[in-house]
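A.B. asks: Sending over a structure as structure tokens; questions will come in a sec.
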Amino acid sequence: MIDRRSLLARSALIGGFAMTPQLALAAAGTDQRLVFIILRGAMDGLAAIPPIGDGRLNPLRGSLAQPPEQFGPMLKLTSDFAAHPALKGFASLFAAGEASVVHAIASPYRERSHFDAQNILETGGNAAYALKDGWLNRLLPLLPAAPPPVAIAATLPALLRGTAPTTSFAPSRLPDASASLKARVAALYENDALLHRLWSEAMATEVMAGSSDGGAGNPQGLAASAARLLADPAGPRIAVLDLGGWDTHAGQALRLANQLRQLDGVITTLKTGLGPAWANTLVIAATEFGRTVATNGTGGTDHGTASAALLAGGRLKGGPAAGRVLGDWPGLSTLYEGRDLLPTTSLNSLFAGAAAGLFGLDPALVSRRVFSAAPAAPLAIVRA
Amino acid sequence: MSLAAIALNRFGLGARPGDAAPADPRGWLLGQISGFDPRPAVITALPDAAAMTLQYRQNLAQLRRQGVVGVRRPGDPEPPKGPEAEAMANAAQRERRQAFAQAYGGQVGARLTLSLTSATPFAERLVHFWANHFAISTDKLATATMGGPLEFEAIRPHIGGRFSDMLLAVTRHPGMQFYLDQAQSIGPNSLLGEAARRRNATRQPGLNENLAREILELHTLGAGNYTQADVAGLARALTGWSIGGFVRRPLGVAAPDGQFVFQPNWHEPGSVTVAGRPYRQNGEAQALAILNDLANHPHTARRLAEKLARHFVADAPPPALIDRMATAYLASGGQLPALYRALIEAPEAWATPLAKFKTPWDWLVSSLRALGRENVPPLQAIGALRELGQPVWRPGSPAGWEDDTARWAAPDALLRRVEVASRIAAPLAATLDARSLAPRILPGTLSPATASAIARAESPAEGLALLLVAPEFLRR
């Protein structure tokens with residue numbers, strides 16, 4: 001395995017004077033925080049952020065065009081777009097210039113398999129399983145030195161897999177194994193490359209996160225753990241959360257409302273938990289693809305193409321995306337394959353632009369190094 | 001490493017303290033397929049899918065009365081409101097949760113007991129493998145208690161038969177029908193569809209592609225080997241495949257709770273094309289013919305061979321092995337034992353030592369077996385598996401659990417194994433000596449480093465825990 005620091009040094013050599021001054025300066029560390037939320041199962045972007053200005057929405061969607069009455073009215077974001085009423089916290093951040101949306105966005109993938117699409121979302125490639133590492137892992141060598149990114153889960157998502165060191169952590173309700181046992185386990189793994197690396201990272205993360213956590217398991221509890229790790233001045237700067245349950249083939253109205261309420265809770269918990277560090281934080285919530293525009297026979301929607309990505313964080317304030325819905329709205333009069341929202345923005349544009357803006361990197365460099373398999377013009381997301 | 005050790009650990013569920021090493025390892029494995037008991041007493045004692053469907057239907061009715069789910073039709077009574085109604089609703093929810101917990105606990109308990117005591121551990125591994133191939137997830141109200149019944153009723157009876165029979169049994173099972181929304185998928189041009197159009201009904205019945213897509217992508221051909229048109233064709237052919245006692249729609253024929261029923265009046269008429277072949281049959285025979293062809297398709301053969309080889313041999317199994325297995329499967333007309341025989345007879349399957357990192361389930365089962373446990377309170381096992389990251393029948397997606405090292409070898413997951421090992425070892429420390437146990441559990445693979453770490457442990461409990469988290473015990 002290549003040590004990240006030696007990789008950093010090597011890329012500095014290769015980059016020479018082309019390196020941006022920020023990167024050189026940031027070798028001393030960075031204050032910026034990135035939280036990536038993977039929405040697994042294909043979030044319905046048209047229900048999360050309905051295009052209220054598009055007259056085709058109601059006739060095409062039918063019963064699902066309006067959220068169920070008990071959730072209250074839709075929350076208007078702009079003259080053309082609203083947020084689902086379950087996204088209350090997100091909508092007020094939007095109003096305060098600390099949230100934004102990129103609509104009609106999709107990965108380069110145009111089929112409708114969750115598993116392939118998630119792989120492409122996480123690897124940043126243009127074909128499923130073509131790349132073995134996650135794009136966030138490939139980004140790491142370009143970043144200032146910091147503790148390894150952490151996945152708030154018992155296992156590592158593809159997004160973080162790769163040669164650069166990463167770690168995973170989830171609050172545990174188990175009693176702690178004794179310090180003596182842990183020391184002996186460390187010795188036992190000394191000559192096993194894989195287990196030695198995993199065990200060292202587990203021990204380092206455990207020390208950083210402090211003792212056990214009350215909110216184990218639920219998404220807000222996981223968000224609180226992420227916030228605590230990121231808020232630590234010596235902690236990691238990147239965290240990944242996994243939220244499943246978005247595959248609403250049947251009974252979408254209630255299920256999606258619950259999902260969105262959970263996502264809203266995760267975002268507001270991050271803000272609260274990060275405290276002053278929220279000002280330097282960018283949260284990206286993205287899904288593998290969208291859902292059909294029309295409602296199906298079981299009150300749900302089937303696998304589609306473009307969806308919406310949600311952004312939040314103090315880092316958006318005063319920037320080009322603050323309080324805006326980005327992306328070219330393709331309208332609903334022409335649909336992809338006659339059934340789905342047409343994609344007009346690549347997820348890789350968002351990821352490359354966001355990562356470059358947040359960490360002060362050259363967007364072209366990020367695009368070239370991290371997204372070479374499926375490059376797309378980086379989107380301006382945050383102020384320089 | 002001896003062949004006997006490989007048979008016990010790689011193909012079995014792990015050695016037990018009293019297990020004698022099999023004299024003929026290959027014969028021992030192959031003999032388990034015919035010696036396997038698909039319906040042992042511990043399973044027949046449990047409520048079946050029909051009982052679980054009835055329970056689900058009663059739960060739904062209760063929730064509808066309380067106004068929690070469903071659409072209120074004109075004339076239906078107003079759902080009760082106020083603090084008293086709320087208290088009653090809460091009490092009903094508690095009862096529902098308890099009933100779920102009891103049913104799920106019983107099912108997990110049965111699976112675990114069989115795994116800890118079975119005389120045919122290789123056959124039990126195959127049960128777990130196929131249940132994961134045809135995964136449902138118990139995180140939906142409709143499938144909360146269907147994990148056990150699907151495995152017990154649709155998987156176990158078929159592990160030694162034709163794959164097409166297993167595919168059919170799973171496709172018809174209420175667990176799969178509910179999980180992938182098949183039970184109320186209705187042809188737009190069926191008699192019911194046309195009647196609804198004439199009436200101008202507020203909710204027009206329609207197709208649901210979910211099951212059709214996953215049959216093609218996950219159960220048979222695999223991603224990249226089918227098109228959206230194939231999905232649409234199979235979805236049309238499957239309309240009318242439903243479950244008795246669950247769906248209340250007009251023009252349906254009555255059937256007992258939880259039993260598969262074909263509803264001719266919901267079936268989309270007309271021929272369909274799937275994977276390049278036309279199917280002109282009427283009614284139920286159409287999807288039956290498609291499923292049979294899909295089961296015997298060369299893409300399916302390769303996919304099954306690759307998954308099985310990945311499960312037992314290596315994360316990236318040798319292509320030549322996959323070829324031989326797929327060829328044997330096709331030559332036998334889709335017989336699963338032909339697939340197993342090709343695997344067991346392959347030299348590759350006995351070569352690479354310790355190439356697979358155990359899943360949490362396999363690790364927990366082999367740990368309990370190593371300690372000689374024959375039963376564990378289900379709640380304890382359920383809690384441990386949740387913490388270890390692999391709750392039984394709850395993979396969260398129809399793709400099932402991933403089957404490679406990258407998925408399971410993570411820092412936090414490893415820490416949890418150490419914590420669980422320490423917890424389950426402690427009560428047995430007084431009766432088991434890890435120093436003499438280790439060579440019996442890991443014959444031929446116990447390393448000097450592990451043996452010496454165990455010998456130098458601070459306490460007998462610590463020694464046992466170290467055995468369970470040793471590098472050669474985490475792998476197989």
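Within each chain, counting starts at residue 1; across the structure tokens, chains are named A, B, ... in the order shown, with ligands numbered 1 upward in that order.
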Please provide the set of residues having any atom within 9 Å of Leu160 of chain A, restricted to only C-alpha atoms, with same-chain residues fewer than 4 positions apart removed, written as a list in words.
C.D. replies: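 Non-adjacent residues within range: Glu122, Thr123, Asp133, Gly134, Trp135, Leu136, Asn137, Arg138, Pro149, Val150, Ala151, Leu156, Ala164, Pro165, Thr166, Thr167 and Val240 of chain A.
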A.B. asks: Would you save the residues from that selection as a PDB file, in the first residue's frame, using N, CA and C atoms?
C.D. replies:
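The result, stored in result.pdb:
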```pdb
ATOM      1  N   GLU A 122     -20.377   5.871  -6.978  1.00  0.00           N
ATOM      2  CA  GLU A 122     -19.314   5.839  -5.975  1.00  0.00           C
ATOM      3  C   GLU A 122     -17.912   5.800  -6.578  1.00  0.00           C
ATOM      4  N   THR A 123     -17.773   5.167  -7.759  1.00  0.00           N
ATOM      5  CA  THR A 123     -16.438   5.101  -8.354  1.00  0.00           C
ATOM      6  C   THR A 123     -16.170   6.300  -9.266  1.00  0.00           C
ATOM      7  N   ASP A 133     -11.627   1.565  -7.415  1.00  0.00           N
ATOM      8  CA  ASP A 133     -11.584   2.428  -6.235  1.00  0.00           C
ATOM      9  C   ASP A 133     -12.651   3.520  -6.311  1.00  0.00           C
ATOM     10  N   GLY A 134     -12.996   4.089  -5.172  1.00  0.00           N
ATOM     11  CA  GLY A 134     -14.004   5.133  -5.093  1.00  0.00           C
ATOM     12  C   GLY A 134     -13.408   6.491  -5.428  1.00  0.00           C
ATOM     13  N   TRP A 135     -14.239   7.418  -5.935  1.00  0.00           N
ATOM     14  CA  TRP A 135     -13.666   8.713  -6.334  1.00  0.00           C
ATOM     15  C   TRP A 135     -13.186   9.502  -5.138  1.00  0.00           C
ATOM     16  N   LEU A 136     -13.831   9.322  -3.981  1.00  0.00           N
ATOM     17  CA  LEU A 136     -13.350  10.062  -2.803  1.00  0.00           C
ATOM     18  C   LEU A 136     -11.954   9.575  -2.410  1.00  0.00           C
ATOM     19  N   ASN A 137     -11.710   8.271  -2.607  1.00  0.00           N
ATOM     20  CA  ASN A 137     -10.383   7.751  -2.297  1.00  0.00           C
ATOM     21  C   ASN A 137      -9.339   8.347  -3.249  1.00  0.00           C
ATOM     22  N   ARG A 138      -9.718   8.480  -4.539  1.00  0.00           N
ATOM     23  CA  ARG A 138      -8.757   9.060  -5.500  1.00  0.00           C
ATOM     24  C   ARG A 138      -8.519  10.544  -5.253  1.00  0.00           C
ATOM     25  N   PRO A 149     -10.466   9.757   6.030  1.00  0.00           N
ATOM     26  CA  PRO A 149     -11.915   9.931   5.991  1.00  0.00           C
ATOM     27  C   PRO A 149     -12.598   8.758   6.680  1.00  0.00           C
ATOM     28  N   VAL A 150     -13.764   9.020   7.223  1.00  0.00           N
ATOM     29  CA  VAL A 150     -14.437   7.984   7.992  1.00  0.00           C
ATOM     30  C   VAL A 150     -15.821   7.703   7.408  1.00  0.00           C
ATOM     31  N   ALA A 151     -16.131   6.416   7.227  1.00  0.00           N
ATOM     32  CA  ALA A 151     -17.492   6.018   6.868  1.00  0.00           C
ATOM     33  C   ALA A 151     -18.215   5.687   8.154  1.00  0.00           C
ATOM     34  N   LEU A 156     -17.034  -0.560   4.847  1.00  0.00           N
ATOM     35  CA  LEU A 156     -16.617   0.539   3.993  1.00  0.00           C
ATOM     36  C   LEU A 156     -17.401   0.590   2.680  1.00  0.00           C
ATOM     37  N   ALA A 164      -5.612   4.772  -0.766  1.00  0.00           N
ATOM     38  CA  ALA A 164      -5.374   5.720   0.318  1.00  0.00           C
ATOM     39  C   ALA A 164      -6.087   5.228   1.577  1.00  0.00           C
ATOM     40  N   PRO A 165      -5.514   5.460   2.749  1.00  0.00           N
ATOM     41  CA  PRO A 165      -6.113   4.938   3.981  1.00  0.00           C
ATOM     42  C   PRO A 165      -7.455   5.609   4.289  1.00  0.00           C
ATOM     43  N   THR A 166      -8.405   4.793   4.685  1.00  0.00           N
ATOM     44  CA  THR A 166      -9.714   5.291   5.094  1.00  0.00           C
ATOM     45  C   THR A 166     -10.119   4.441   6.282  1.00  0.00           C
ATOM     46  N   THR A 167     -11.196   4.827   6.930  1.00  0.00           N
ATOM     47  CA  THR A 167     -11.597   4.031   8.075  1.00  0.00           C
ATOM     48  C   THR A 167     -13.111   4.032   8.203  1.00  0.00           C
ATOM     49  N   VAL A 240     -18.615   9.914   5.447  1.00  0.00           N
ATOM     50  CA  VAL A 240     -19.597   9.371   4.509  1.00  0.00           C
ATOM     51  C   VAL A 240     -20.707   8.689   5.293  1.00  0.00           C
TER      52      VAL A 240
END
```
A.B. asks: Using only C-alpha atoms, which residues sit within 10 Å of Gly27 of chain B once same-chain residues fewer than 5 positions away are excluded, as a count of residues only?
C.D. replies: 4
A.B. asks: Got a sec to tell me which of segment 193-323 of chain A DSSP assigns to strand (DSSP E or B), as a PyMOL selection string?
C.D. replies: chain A and resi 238-243+281-287+291+303+307-312
A.B. asks: Print the selection's residues with C-alpha atoms to a file, as an mmCIF file, in the first residue's frame.
C.D. replies:
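That gives us again-v3.cif:
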```cif
data_model
loop_
_atom_site.group_PDB
_atom_site.id
_atom_site.type_symbol
_atom_site.label_atom_id
_atom_site.label_comp_id
_atom_site.auth_asym_id
_atom_site.auth_seq_id
_atom_site.Cartn_x
_atom_site.Cartn_y
_atom_site.Cartn_z
ATOM 1 C CA ILE A 238 -14.410 13.858 5.365
ATOM 2 C CA ALA A 239 -17.280 11.639 6.493
ATOM 3 C CA VAL A 240 -19.597 9.371 4.509
ATOM 4 C CA LEU A 241 -23.106 8.412 5.591
ATOM 5 C CA ASP A 242 -25.276 5.758 4.011
ATOM 6 C CA LEU A 243 -29.051 6.201 3.907
ATOM 7 C CA THR A 281 -18.799 22.465 5.939
ATOM 8 C CA LEU A 282 -20.321 21.239 2.700
ATOM 9 C CA VAL A 283 -22.859 18.395 2.752
ATOM 10 C CA ILE A 284 -23.683 16.592 -0.504
ATOM 11 C CA ALA A 285 -26.622 14.177 -0.655
ATOM 12 C CA ALA A 286 -26.803 12.264 -3.936
ATOM 13 C CA THR A 287 -28.578 9.207 -5.266
ATOM 14 C CA ARG A 291 -37.603 7.643 -10.751
ATOM 15 C CA HIS A 303 -36.499 3.187 -11.783
ATOM 16 C CA SER A 307 -32.899 13.077 -9.968
ATOM 17 C CA ALA A 308 -31.900 15.966 -7.697
ATOM 18 C CA ALA A 309 -28.834 16.380 -5.481
ATOM 19 C CA LEU A 310 -29.179 18.306 -2.219
ATOM 20 C CA LEU A 311 -26.382 20.499 -0.889
ATOM 21 C CA ALA A 312 -26.134 22.129 2.526
#
```
A.B. asks: Between B:Thr300, B:Thr113, B:Asn225, B:Gln204, which one has atoms that come closest to Gly276 of chain B, using only C-alpha atoms?
C.D. replies: B:Asn225
A.B. asks: Taking only C-alpha atoms into account, name the residue in B:Arg213, B:His299, B:Arg111, B:Arg310 that is nearest to chain A.
C.D. replies: B:Arg213
A.B. asks: According to DSSP computed on the backbone, where in segment 189-351 of chain B is there alpha helix (DSSP H)? Give the residues as a count of residues only.
C.D. replies: 75
A.B. asks: Find the residues of chain B in contact range of chain A, meaning any atom within 6 Å when counting only C-alpha atoms, and list them as number ranges by chain.
C.D. replies: B: 205-207, 410-413, 419
A.B. asks: Have a look at atom CA of Pro276 of chain A and atom CA of Pro141 of chain A and let me know their distance in Å, one decimal.
C.D. replies: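 Pair atom CA of Pro276 of chain A / atom CA of Pro141 of chain A returns 26.9 Å.
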A.B. asks: Please, what distance in Å, to one decimal, runs between atom CA of Gly224 of chain B and atom CA of Lys132 of chain A?
C.D. replies: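 Between atom CA of Gly224 of chain B and atom CA of Lys132 of chain A the gap works out to 18.2 Å.
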A.B. asks: Env of Thr44 of chain B: 12 Å cut, atoms = only C-alpha atoms, seq-sep filter 4 positions within chain, self excluded. Answer as a list in words.
C.D. replies: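 Skipping anything fewer than 4 positions along the chain leaves Asp37, Pro38, Arg39, Pro40, Asp48, Ala49, Gly106, Gln107, Ala110, Gly148, Pro149, Phe152 and Glu153 of chain B.
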A.B. asks: Could you check which of B:Val231, B:Arg476, B:Tyr56, B:Leu288 is closest to Ala349 of chain B, using only C-alpha atoms?
C.D. replies: B:Arg476
A.B. asks: List as a ChimeraX atom specification the protein and nucleic acid residues near segment 132-135 of chain B, meaning an atom at most 12 Å away when only C-alpha atoms are counted, but skip any in the same chain fewer than 5 places from it.
C.D. replies: /B:125-127,143,146-148,150-151,154-155,163,166-171,173,175-177,179-180,211,214-220,222,303-304,307-308,311,361,390,392-403
A.B. asks: Selection from above, N, CA and C atoms, as a compact mmCIF listing (two decimals), in the first residue's frame, can you write it?
C.D. replies:
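Saved result, result_32.txt, follows:
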```txt
# COMPACT_ATOMS: atom_id res chain seq x y z
N ARG B 125 -24.84 -24.73 4.46
CA ARG B 125 -24.18 -23.60 3.80
C ARG B 125 -24.88 -23.27 2.49
N LEU B 126 -25.24 -24.34 1.74
CA LEU B 126 -25.91 -24.12 0.46
C LEU B 126 -27.27 -23.46 0.68
N VAL B 127 -27.97 -23.84 1.73
CA VAL B 127 -29.25 -23.19 2.05
C VAL B 127 -29.03 -21.68 2.25
N THR B 143 -42.99 -8.07 4.76
CA THR B 143 -42.03 -9.18 4.76
C THR B 143 -41.33 -9.34 6.10
N MET B 146 -41.24 -12.91 6.94
CA MET B 146 -41.23 -13.82 5.79
C MET B 146 -39.84 -14.39 5.48
N GLY B 147 -38.80 -13.89 6.17
CA GLY B 147 -37.45 -14.38 5.88
C GLY B 147 -37.34 -15.88 6.11
N GLY B 148 -37.80 -16.32 7.27
CA GLY B 148 -37.76 -17.75 7.60
C GLY B 148 -38.59 -18.58 6.64
N LEU B 150 -39.62 -18.10 3.62
CA LEU B 150 -39.09 -18.20 2.25
C LEU B 150 -37.95 -19.22 2.21
N GLU B 151 -37.03 -19.11 3.16
CA GLU B 151 -35.90 -20.04 3.19
C GLU B 151 -36.36 -21.48 3.47
N ALA B 154 -39.23 -22.44 0.30
CA ALA B 154 -38.90 -22.34 -1.12
C ALA B 154 -37.45 -22.71 -1.42
N ILE B 155 -36.55 -22.57 -0.44
CA ILE B 155 -35.12 -22.86 -0.69
C ILE B 155 -34.78 -24.29 -0.27
N PHE B 163 -32.49 -26.09 -10.50
CA PHE B 163 -32.55 -24.67 -10.17
C PHE B 163 -33.90 -24.09 -10.58
N MET B 166 -36.42 -24.30 -7.87
CA MET B 166 -36.20 -23.33 -6.80
C MET B 166 -36.66 -21.94 -7.24
N LEU B 167 -36.30 -21.57 -8.47
CA LEU B 167 -36.70 -20.27 -9.01
C LEU B 167 -38.22 -20.12 -8.99
N LEU B 168 -38.91 -21.18 -9.40
CA LEU B 168 -40.37 -21.13 -9.44
C LEU B 168 -40.94 -21.04 -8.02
N ALA B 169 -40.40 -21.85 -7.12
CA ALA B 169 -40.92 -21.85 -5.74
C ALA B 169 -40.73 -20.47 -5.11
N VAL B 170 -39.58 -19.84 -5.36
CA VAL B 170 -39.31 -18.52 -4.79
C VAL B 170 -40.24 -17.48 -5.41
N THR B 171 -40.39 -17.54 -6.74
CA THR B 171 -41.20 -16.54 -7.44
C THR B 171 -42.65 -16.59 -6.98
N HIS B 173 -43.58 -17.59 -3.95
CA HIS B 173 -43.70 -17.51 -2.49
C HIS B 173 -44.18 -16.13 -2.06
N GLY B 175 -43.35 -14.38 0.39
CA GLY B 175 -42.24 -13.52 0.81
C GLY B 175 -41.70 -12.71 -0.36
N MET B 176 -41.43 -13.38 -1.48
CA MET B 176 -40.89 -12.69 -2.65
C MET B 176 -41.96 -11.84 -3.31
N GLN B 177 -43.18 -12.35 -3.39
CA GLN B 177 -44.27 -11.61 -4.04
C GLN B 177 -44.51 -10.27 -3.32
N TYR B 179 -42.31 -8.77 -1.22
CA TYR B 179 -41.10 -7.95 -1.16
C TYR B 179 -40.93 -7.14 -2.44
N LEU B 180 -41.19 -7.76 -3.59
CA LEU B 180 -40.97 -7.04 -4.84
C LEU B 180 -42.30 -6.64 -5.49
N LEU B 211 -40.41 -7.18 -9.59
CA LEU B 211 -40.01 -8.59 -9.52
C LEU B 211 -39.38 -9.04 -10.84
N GLU B 214 -35.78 -7.89 -11.10
CA GLU B 214 -34.81 -8.57 -10.24
C GLU B 214 -34.65 -10.04 -10.62
N ILE B 215 -35.70 -10.67 -11.17
CA ILE B 215 -35.53 -12.04 -11.66
C ILE B 215 -34.45 -12.04 -12.74
N LEU B 216 -34.53 -11.07 -13.65
CA LEU B 216 -33.56 -11.04 -14.76
C LEU B 216 -32.18 -10.63 -14.27
N GLU B 217 -32.14 -9.61 -13.43
CA GLU B 217 -30.83 -9.08 -13.04
C GLU B 217 -30.16 -9.90 -11.94
N LEU B 218 -30.95 -10.32 -10.96
CA LEU B 218 -30.33 -10.93 -9.78
C LEU B 218 -30.50 -12.45 -9.73
N HIS B 219 -31.66 -12.94 -10.13
CA HIS B 219 -31.91 -14.37 -9.94
C HIS B 219 -31.42 -15.21 -11.11
N THR B 220 -31.42 -14.63 -12.34
CA THR B 220 -31.03 -15.46 -13.48
C THR B 220 -29.91 -14.83 -14.32
N GLY B 222 -28.45 -11.85 -14.99
CA GLY B 222 -27.43 -10.96 -14.47
C GLY B 222 -27.39 -9.63 -15.20
N ARG B 303 -23.55 -17.26 -14.29
CA ARG B 303 -23.74 -16.40 -13.12
C ARG B 303 -23.81 -17.25 -11.84
N LEU B 304 -24.56 -18.35 -11.89
CA LEU B 304 -24.67 -19.22 -10.72
C LEU B 304 -23.31 -19.84 -10.39
N LYS B 307 -21.03 -17.15 -8.84
CA LYS B 307 -21.40 -16.80 -7.45
C LYS B 307 -21.03 -17.92 -6.48
N LEU B 308 -21.30 -19.15 -6.89
CA LEU B 308 -21.02 -20.28 -6.01
C LEU B 308 -19.51 -20.42 -5.80
N HIS B 311 -18.33 -17.81 -3.50
CA HIS B 311 -18.74 -18.07 -2.13
C HIS B 311 -17.79 -19.05 -1.44
N TRP B 361 -22.19 -13.76 9.72
CA TRP B 361 -22.99 -14.95 10.06
C TRP B 361 -22.10 -16.19 10.15
N GLN B 390 -24.66 -7.88 10.00
CA GLN B 390 -25.34 -8.77 9.07
C GLN B 390 -26.58 -9.39 9.72
N VAL B 392 -29.87 -11.31 10.16
CA VAL B 392 -30.39 -12.40 9.33
C VAL B 392 -31.59 -11.92 8.51
N TRP B 393 -31.60 -12.26 7.21
CA TRP B 393 -32.69 -11.94 6.28
C TRP B 393 -32.98 -10.44 6.21
N ARG B 394 -31.99 -9.62 6.44
CA ARG B 394 -32.22 -8.19 6.38
C ARG B 394 -31.09 -7.48 5.64
N PRO B 395 -30.79 -7.91 4.42
CA PRO B 395 -29.69 -7.27 3.70
C PRO B 395 -30.05 -5.88 3.18
N GLY B 396 -31.36 -5.51 3.24
CA GLY B 396 -31.74 -4.17 2.83
C GLY B 396 -31.91 -4.03 1.34
N SER B 397 -31.64 -5.08 0.58
CA SER B 397 -31.79 -4.98 -0.87
C SER B 397 -31.95 -6.38 -1.44
N PRO B 398 -32.65 -6.50 -2.57
CA PRO B 398 -32.84 -7.82 -3.17
C PRO B 398 -31.54 -8.42 -3.72
N ALA B 399 -30.47 -7.63 -3.76
CA ALA B 399 -29.19 -8.19 -4.21
C ALA B 399 -28.56 -9.06 -3.14
N GLY B 400 -29.08 -9.00 -1.91
CA GLY B 400 -28.50 -9.82 -0.84
C GLY B 400 -27.18 -9.24 -0.34
N TRP B 401 -26.54 -9.99 0.54
CA TRP B 401 -25.25 -9.54 1.07
C TRP B 401 -24.15 -9.75 0.05
N GLU B 402 -23.20 -8.84 0.00
CA GLU B 402 -22.04 -9.03 -0.87
C GLU B 402 -21.17 -10.13 -0.30
N ASP B 403 -20.39 -10.73 -1.18
CA ASP B 403 -19.68 -11.95 -0.81
C ASP B 403 -18.19 -11.80 -1.03
```
A.B. asks: Residues at most 8 Å from segment 368-383 of chain B, counting only C-alpha atoms, excluding those fewer than 6 positions away in the same chain, as a list of chain:residue names?
C.D. replies: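 Selected residues are B:Leu13, B:Gly14, B:Ala15, B:Arg16, B:Pro17, B:Gly105, B:Gly106, B:Val108, B:Gly109, B:Leu112, B:Thr113, B:Leu116, B:Thr117, B:Pro391, B:Val392, B:Ile424, B:Ala425, B:Leu428, B:Leu432, B:Ile441.
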A.B. asks: Here is a test: counting only C-alpha atoms, which residue of B:Ala309, B:Pro83, B:Met325, B:Ala5 is nearest to Ala23 of chain B?
C.D. replies: B:Ala5
A.B. asks: Go through A:Ala376, A:Ala106, A:Leu332, A:Ala322 one by one, measure the shortest atom-to-atom distance of each to Gly353 of chain A using only C-alpha atoms, and give the residue with the smallest value.
C.D. replies: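 For Gly353 of chain A, the nearest of the candidates is A:Ala376.
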A.B. asks: Name all residues at most 10 Å from Gln259 of chain A (count only C-alpha atoms; drop same-chain ones fewer than 3 positions away) and give them as a ChimeraX atom specification.
C.D. replies: /A:39,43,48,86-87,243-246,248,254-256,262-265
